[in-house]
>>> print(open('entry.cif').read())   # mmCIF, C-alpha atoms and all ligand atoms
data_data
#
loop_
_atom_site.label_atom_id
_atom_site.label_comp_id
_atom_site.auth_asym_id
_atom_site.auth_seq_id
_atom_site.Cartn_x
_atom_site.Cartn_y
_atom_site.Cartn_z
CA MET A 1 -0.07 12.56 9.17
CA ALA A 2 2.56 15.07 8.16
CA THR A 3 4.39 14.57 4.93
CA VAL A 4 8.02 13.79 5.63
CA ALA A 5 11.11 13.32 3.55
CA ALA A 6 11.74 9.71 2.68
CA PRO A 7 14.97 8.29 4.01
CA ALA A 8 17.61 7.66 1.40
CA LYS A 9 17.37 3.89 1.70
CA ALA A 10 14.03 2.11 1.63
CA GLU A 11 13.41 0.42 4.98
CA CYS A 12 9.90 -0.59 6.00
CA SER A 13 10.83 -0.09 9.64
CA SER A 14 11.49 3.62 9.07
CA CYS A 15 8.84 4.28 6.42
CA ASP A 16 5.30 5.61 6.85
CA ALA A 17 3.98 2.51 5.05
CA VAL A 18 3.33 4.69 2.05
CA CYS A 19 2.83 1.66 -0.20
CA CYS A 20 -0.39 1.17 1.78
CA ARG A 21 -1.67 4.42 0.23
CA LEU A 22 -1.61 2.91 -3.26
CA LEU A 23 -4.67 1.55 -5.00
CA VAL A 24 -4.21 -2.13 -4.22
CA MET A 25 -5.92 -4.67 -6.43
CA VAL A 26 -7.75 -7.52 -4.70
CA GLU A 27 -8.60 -10.84 -6.28
CA PRO A 28 -11.53 -12.96 -5.07
CA GLU A 29 -9.12 -15.73 -4.08
CA ASP A 30 -7.44 -13.33 -1.65
CA GLY A 31 -10.47 -13.83 0.59
CA ILE A 32 -10.47 -10.27 1.88
CA ALA A 33 -13.52 -9.35 3.97
CA PRO A 34 -15.95 -7.30 1.87
CA HIS A 35 -16.02 -4.41 4.33
CA LEU A 36 -12.30 -3.86 3.66
CA THR A 37 -12.72 -3.57 -0.10
CA THR A 38 -14.43 -1.32 -2.58
CA GLU A 39 -14.83 -1.03 -6.34
CA VAL A 40 -13.01 1.55 -8.39
CA GLY A 41 -13.66 1.59 -12.11
CA GLY A 42 -15.04 -1.93 -11.94
CA MET A 43 -11.94 -3.20 -10.11
CA LEU A 44 -11.98 -4.68 -6.62
CA VAL A 45 -9.44 -2.84 -4.47
CA MET A 46 -8.58 -2.37 -0.83
CA ALA A 47 -10.68 0.49 0.57
CA ARG A 48 -8.82 3.53 1.81
CA GLY A 49 -9.72 5.78 4.68
CA GLU A 50 -9.93 9.55 4.68
CA ASP A 51 -6.28 9.67 5.69
CA GLY A 52 -5.38 7.96 2.43
CA TRP A 53 -4.13 4.72 3.96
CA CYS A 54 -5.65 1.31 3.39
CA VAL A 55 -8.43 0.64 5.89
CA ALA A 56 -6.58 -2.48 7.02
CA MET A 57 -3.76 -0.29 8.35
CA ASP A 58 -3.49 -0.18 12.12
CA ALA A 59 -2.73 3.53 12.35
CA SER A 60 -1.57 3.36 15.95
CA ARG A 61 1.30 1.05 15.03
CA MET A 62 1.51 1.73 11.28
CA ARG A 63 1.24 -1.98 10.65
CA CYS A 64 -1.06 -4.06 8.51
CA SER A 65 -3.82 -5.45 10.73
CA ILE A 66 -4.40 -8.37 8.34
CA TYR A 67 -0.75 -9.07 7.60
CA ASP A 68 -1.06 -12.84 7.59
CA ALA A 69 -4.09 -12.63 5.31
CA ARG A 70 -3.10 -9.65 3.17
CA PRO A 71 -3.76 -9.69 -0.59
CA ASP A 72 -1.28 -11.30 -2.91
CA THR A 73 -0.54 -7.85 -4.36
CA CYS A 74 0.81 -6.77 -0.99
CA ARG A 75 2.78 -9.98 -0.55
CA ARG A 76 4.62 -9.35 -3.78
CA PHE A 77 5.41 -5.71 -3.11
CA HIS A 78 9.18 -5.49 -3.04
CA MET A 79 10.89 -3.22 -0.51
CA GLY A 80 13.33 -1.09 -2.42
CA GLY A 81 11.80 -2.04 -5.77
CA PRO A 82 10.70 0.49 -8.38
CA TYR A 83 7.13 0.87 -7.05
CA CYS A 84 8.44 1.29 -3.52
CA GLU A 85 10.96 3.94 -4.55
CA ALA A 86 8.41 5.76 -6.71
CA VAL A 87 5.70 5.96 -4.06
CA ARG A 88 8.20 7.01 -1.41
CA GLU A 89 9.50 9.76 -3.64
CA ASP A 90 5.96 10.94 -4.45
CA TYR A 91 5.01 10.89 -0.78
CA ALA A 92 8.07 12.91 0.18
CA ARG A 93 7.10 15.47 -2.46
CA GLY A 94 3.47 15.53 -1.33
CA ILE A 95 2.08 13.78 -4.37
CA ASP A 96 -0.57 11.07 -4.07
CA ARG A 97 -0.26 8.27 -6.56
CA THR A 98 -3.58 6.72 -7.51
CA ILE A 99 -2.57 4.31 -10.25
CA PRO A 100 -3.89 0.79 -9.77
CA LEU A 101 -1.27 -1.58 -8.44
CA HIS A 102 -1.34 -5.00 -10.04
CA LEU A 103 2.24 -6.15 -9.44
CA SER A 104 2.05 -8.89 -11.98
CA GLY A 105 5.78 -9.39 -12.01
CA GLU A 106 7.71 -6.80 -10.06
CA THR A 107 11.21 -8.03 -9.46
CA GLY A 108 12.68 -4.97 -7.84
S1 LIG B 201 7.73 -1.55 0.94
FE1 LIG B 201 8.63 0.47 0.55
S2 LIG B 201 6.90 1.92 0.62
FE2 LIG B 201 6.22 0.01 1.60
S3 LIG B 201 6.61 0.27 3.82
FE3 LIG B 201 8.42 -0.76 2.93
S4 LIG B 201 9.84 0.91 2.42
FE4 LIG B 201 7.79 1.83 2.69
S1 LIG B 202 -3.76 -5.01 3.15
FE1 LIG B 202 -2.16 -4.50 4.61
S2 LIG B 202 -0.24 -4.56 3.44
FE2 LIG B 202 -1.94 -4.42 1.98
S3 LIG B 202 -2.23 -2.23 1.55
FE3 LIG B 202 -3.61 -2.78 3.23
S4 LIG B 202 -2.48 -2.34 5.13
FE4 LIG B 202 -1.00 -2.43 3.42
#
>>> encode(input="entry.cif", output="structure tokens")
Amino acid sequence: MATVAAPAKAECSSCDAVCCRLLVMVEPEDGIAPHLTTEVGGMLVMARGEDGWCVAMDASRMRCSIYDARPDTCRRFHMGGPYCEAVREDYARGIDRTIPLHLSGETG
């Protein structure tokens, strides 16, 4: 997918779901199917495809295919919050962010 400029205001409906390119931590209690996860540095994370998006992403609709059962990390990701703004800015500039995303207390 081509890298595009992020719109000025964060809106999931007009975003390339770039938060789904982050390294998303998964906890055992999330109950995510093993084939959707992998280990990075001893941490369980959502696996990502060659395109850089989480393998649970439905690329044809740019929607999470496991939305109702997504990890807690994803549930707590705040649209317009600091992580959202940072990853959108990086994406617009063509930078891939690979820091692990824990979201222990993001408040936006
Ligand atoms: S939370 Fe932010 S980065 Fe994720 S899809 Fe919505 S606007 Fe995009
Ligand atoms: S599980 Fe769904 S919401 Fe979470 S990163 Fe993957 S596609 Fe995005």
>>> residues_near_ligand(input="entry.cif", ligand="ligand LIG 201 (chain B)", cutoff="6 Å", atoms="all atoms listed in the file", output="PyMOL selection string")
chain A and resi 10-12+15+17-19+78-80+84+88
>>> residues_near_ligand(input="entry.cif", ligand="ligand LIG 202 (chain B)", cutoff="9 Å", atoms="all atoms listed in the file", output="PyMOL selection string")
chain A and resi 17-24+32+36+46-48+53-58+62-75+77
>>> closest_residue(input="entry.cif", among="A:Ser13, A:Glu29, A:Tyr91, A:Gly81", to="A:Gly52", atoms="all atoms listed in the file")
A:Tyr91
>>> atom_distance(input="entry.cif", atom1="atom CA of A:Ser60", atom2="atom CA of A:Pro28")
28.4 Å
>>> atom_distance(input="entry.cif", atom1="atom CA of A:Glu50", atom2="atom CA of A:Pro34")
18.1 Å
>>> atom_distance(input="entry.cif", atom1="atom CA of A:Glu27", atom2="atom CA of A:Leu44")
7.0 Å
